[in-house]
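Colleague: The structure's right below; bear with me while I get my questions together.
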Amino acid sequence: MGSETFTFKSTSVPNIGFGWRENNSGFGESNGAGLVGMGRGPLSLTSQVNTNQFSYCMTSVGSTATSTLQIGSLSAPSGGSTVTTPLIQNPQIPTFYYLGLNDISIGGSPLNIPQGTLALNSDGSGLIIDSGTTITYLVNSAYSMVKRAFTSQTNLAAYASPSVGFDCCFQLPSDTSNMQAPSIVMHYNGADVSLPAQNYFIEVSQGVACLAMAGAQDTSIYGNIQQQNFEILYDLSNNLLSFTSTQCGSSS
């Protein structure tokens with residue numbers, strides 16, 4: 001581990017600690033030069049610059065526009081429709097940002113996921129929001145409900161050999177004008193987040209599209225594909241998280 005002066009536009013901050021890796025692997029790792037830690041831990045960038053507020057706005061997958069990260073007073077939402085949900089702290093794993101996800105609607109119909117399935121539990125499991133994880137992972141019982149409802153409402157043929165990392169894939173027709181993919185709404189505590197189709201139904205190879213979600217054994221993760229084109233504000237003083245629907249990178 002080393003330390004160095006980091007410069008953000010015209011502002012320089014000395015003695016920022018950082019580490020490095022020789023080998024990077026994993027889905028999406030080949031496209032990045034590293035990871036910025038934004039958690040509650042003492043070595044995260046936000047902790048080291050001593051801020052209680054930050055936001056980021058990630059552009060669409062494949063976009064040439066630049067995503068943004070704002071720290072401090074500059075990170076207030078810039079407009080659009082905003083919804084807010086509490087950030088939940090887990091004393092067992094204090095660095096993560098937990099959210100209360102109550103249910104998910106597919107095609108306008110709530111799944112009625114059993115209460116507590118996605119909640120923070122005594123074993124430390126629950127749902128975290130993570131900008132460094134690509135797709136969303138839901139505990140297997142909840143994911144099975146999502147997959148079943150999504151498949152039943154999609155007028156596409158299932159793809160027999162799913163892409164690595166995905167198990168809910170479909171063959172795209174040559175004419176996509178009549179293609180039907182159901183809507184998805186995430187029902188957080190006090191905040192309903194309606195996802196654009198590009199945030200959950202992605203083309204992974206020529207003529208094959210997959211649901212950008214998968215199952216998990218215990219901890220669920222709200223990944224960055226679902227976060228694209230939302231300005232996401234972390235208000236750590238008040239333990240609140242805001243989603244503002246926008247077009248990230250449009251003013252860059």
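FYI, nothing fancy with the structure tokens labels: chains A, B, ... in order, residues from 1 per chain, ligands from 1 as they appear.
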According to DSSP computed on the backbone, where in region 3-252 of chain A is there strand (DSSP E or B)? Give the residues as a count of residues only.
Modeller: 89
Colleague: Skip Thr5 (chain A) itself and residues of its chain fewer than 5 positions away, then list as a VMD selection string all residues within 6 Å of it, counting only C-alpha atoms.
Modeller: chain A and resid 13 to 15
Colleague: Figure out the distance between CA of Pro182 (chain A) and CA of Met213 (chain A), please, to one decimal in Å.
Modeller: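 It comes out at 14.2 Å.
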Colleague: Write out, as CSV, each residue of region 102-164 of chain A that has an atom at most 12 Å from region 231-244 of chain A, together with the closest pair of atoms and their distance in Å to one decimal, counting only C-alpha atoms, rows going by chain and rising number.
Modeller:
residue,atom,partner,partner_atom,distance
A:Ile128,CA,A:Leu241,CA,11.8
A:Ile129,CA,A:Leu241,CA,9.9
A:Asp130,CA,A:Ile232,CA,11.2
A:Ser131,CA,A:Ile232,CA,9.9
Colleague: Go ahead and compute the interatomic distance for CA of Ser163 (chain A) and CA of Cys210 (chain A), in Å to one decimal.
Modeller: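 Answer for the CA of Ser163 (chain A) to CA of Cys210 (chain A) separation: 8.0 Å.
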Colleague: List the neighbours of Gln153 (chain A) out to 10 Å using only C-alpha atoms; skip same-chain residues closer than 5 positions along the sequence, and give me the result as a PyMOL selection string.
Modeller: chain A and resi 106-107+148+180-183
Colleague: For those residues, write all heavy atoms to a file as an mmCIF file, in the first residue's frame.
Modeller:
data_model
loop_
_atom_site.group_PDB
_atom_site.id
_atom_site.type_symbol
_atom_site.label_atom_id
_atom_site.label_comp_id
_atom_site.auth_asym_id
_atom_site.auth_seq_id
_atom_site.Cartn_x
_atom_site.Cartn_y
_atom_site.Cartn_z
ATOM 1 N N ILE A 106 -43.093 -6.992 -11.672
ATOM 2 C CA ILE A 106 -42.761 -7.389 -13.038
ATOM 3 C C ILE A 106 -44.002 -7.180 -13.892
ATOM 4 O O ILE A 106 -45.065 -7.732 -13.592
ATOM 5 C CB ILE A 106 -42.313 -8.862 -13.116
ATOM 6 C CG1 ILE A 106 -41.174 -9.153 -12.137
ATOM 7 C CG2 ILE A 106 -41.921 -9.225 -14.550
ATOM 8 C CD1 ILE A 106 -39.867 -8.480 -12.461
ATOM 9 N N GLY A 107 -43.884 -6.368 -14.945
ATOM 10 C CA GLY A 107 -45.033 -6.111 -15.808
ATOM 11 C C GLY A 107 -46.201 -5.483 -15.078
ATOM 12 O O GLY A 107 -47.357 -5.718 -15.433
ATOM 13 N N ARG A 148 -39.174 -16.384 -13.060
ATOM 14 C CA ARG A 148 -40.410 -17.034 -13.504
ATOM 15 C C ARG A 148 -41.390 -16.007 -14.072
ATOM 16 O O ARG A 148 -41.984 -16.212 -15.144
ATOM 17 C CB ARG A 148 -41.029 -17.801 -12.341
ATOM 18 C CG ARG A 148 -42.289 -18.580 -12.705
ATOM 19 C CD ARG A 148 -42.643 -19.586 -11.623
ATOM 20 N NE ARG A 148 -42.786 -18.953 -10.315
ATOM 21 C CZ ARG A 148 -41.940 -19.137 -9.292
ATOM 22 N NH1 ARG A 148 -40.882 -19.923 -9.436
ATOM 23 N NH2 ARG A 148 -42.150 -18.548 -8.141
ATOM 24 N N GLN A 180 -41.417 -7.870 -26.829
ATOM 25 C CA GLN A 180 -42.071 -7.541 -25.569
ATOM 26 C C GLN A 180 -41.205 -7.984 -24.395
ATOM 27 O O GLN A 180 -40.871 -9.149 -24.253
ATOM 28 C CB GLN A 180 -43.435 -8.237 -25.486
ATOM 29 C CG GLN A 180 -44.161 -8.044 -24.168
ATOM 30 C CD GLN A 180 -45.492 -8.787 -24.146
ATOM 31 O OE1 GLN A 180 -46.240 -8.769 -25.119
ATOM 32 N NE2 GLN A 180 -45.768 -9.450 -23.039
ATOM 33 N N ALA A 181 -40.841 -7.014 -23.560
ATOM 34 C CA ALA A 181 -40.124 -7.310 -22.317
ATOM 35 C C ALA A 181 -40.854 -6.584 -21.196
ATOM 36 O O ALA A 181 -41.099 -5.375 -21.295
ATOM 37 C CB ALA A 181 -38.671 -6.853 -22.395
ATOM 38 N N PRO A 182 -41.239 -7.264 -20.149
ATOM 39 C CA PRO A 182 -42.035 -6.631 -19.091
ATOM 40 C C PRO A 182 -41.241 -5.583 -18.318
ATOM 41 O O PRO A 182 -40.016 -5.646 -18.221
ATOM 42 C CB PRO A 182 -42.410 -7.813 -18.194
ATOM 43 C CG PRO A 182 -41.345 -8.826 -18.430
ATOM 44 C CD PRO A 182 -40.964 -8.677 -19.876
ATOM 45 N N SER A 183 -41.955 -4.619 -17.776
ATOM 46 C CA SER A 183 -41.334 -3.576 -16.954
ATOM 47 C C SER A 183 -40.905 -4.151 -15.609
ATOM 48 O O SER A 183 -41.414 -5.185 -15.148
ATOM 49 C CB SER A 183 -42.322 -2.427 -16.732
ATOM 50 O OG SER A 183 -43.474 -2.899 -16.036
#
Colleague: Which parts of region 45-127 of chain A does DSSP call helix (DSSP H, G or I) when run on the backbone here, written out as number ranges by chain?
Modeller: A: 45-48, 72-75
Colleague: Considering only C-alpha atoms, can you say which of A:Thr154, A:Gln228, A:Ser174, A:Thr246 comes closest to Tyr200 (chain A)?
Modeller: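 Checking each of A:Thr154, A:Gln228, A:Ser174, A:Thr246 against Tyr200 (chain A), counting only C-alpha atoms, the winner is A:Gln228.
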Colleague: In Å, rounded to a single decimal, give me how far CA of Ala158 (chain A) is from CA of Asp192 (chain A).
Modeller: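 So the answer is 29.1 Å.
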Colleague: Rank nothing, just name the residue among A:Gln171, A:Ser205, A:Thr219, A:Gln198 nearest to Thr59 (chain A), using only C-alpha atoms.
Modeller: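 Among A:Gln171, A:Ser205, A:Thr219, A:Gln198, it is A:Gln198 that comes nearest to Thr59 (chain A).
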Colleague: Using only C-alpha atoms for the distances, tell me which of A:Val193, A:Leu101, A:Leu156, A:Ile221 is nearest to Asp175 (chain A).
Modeller: A:Leu156
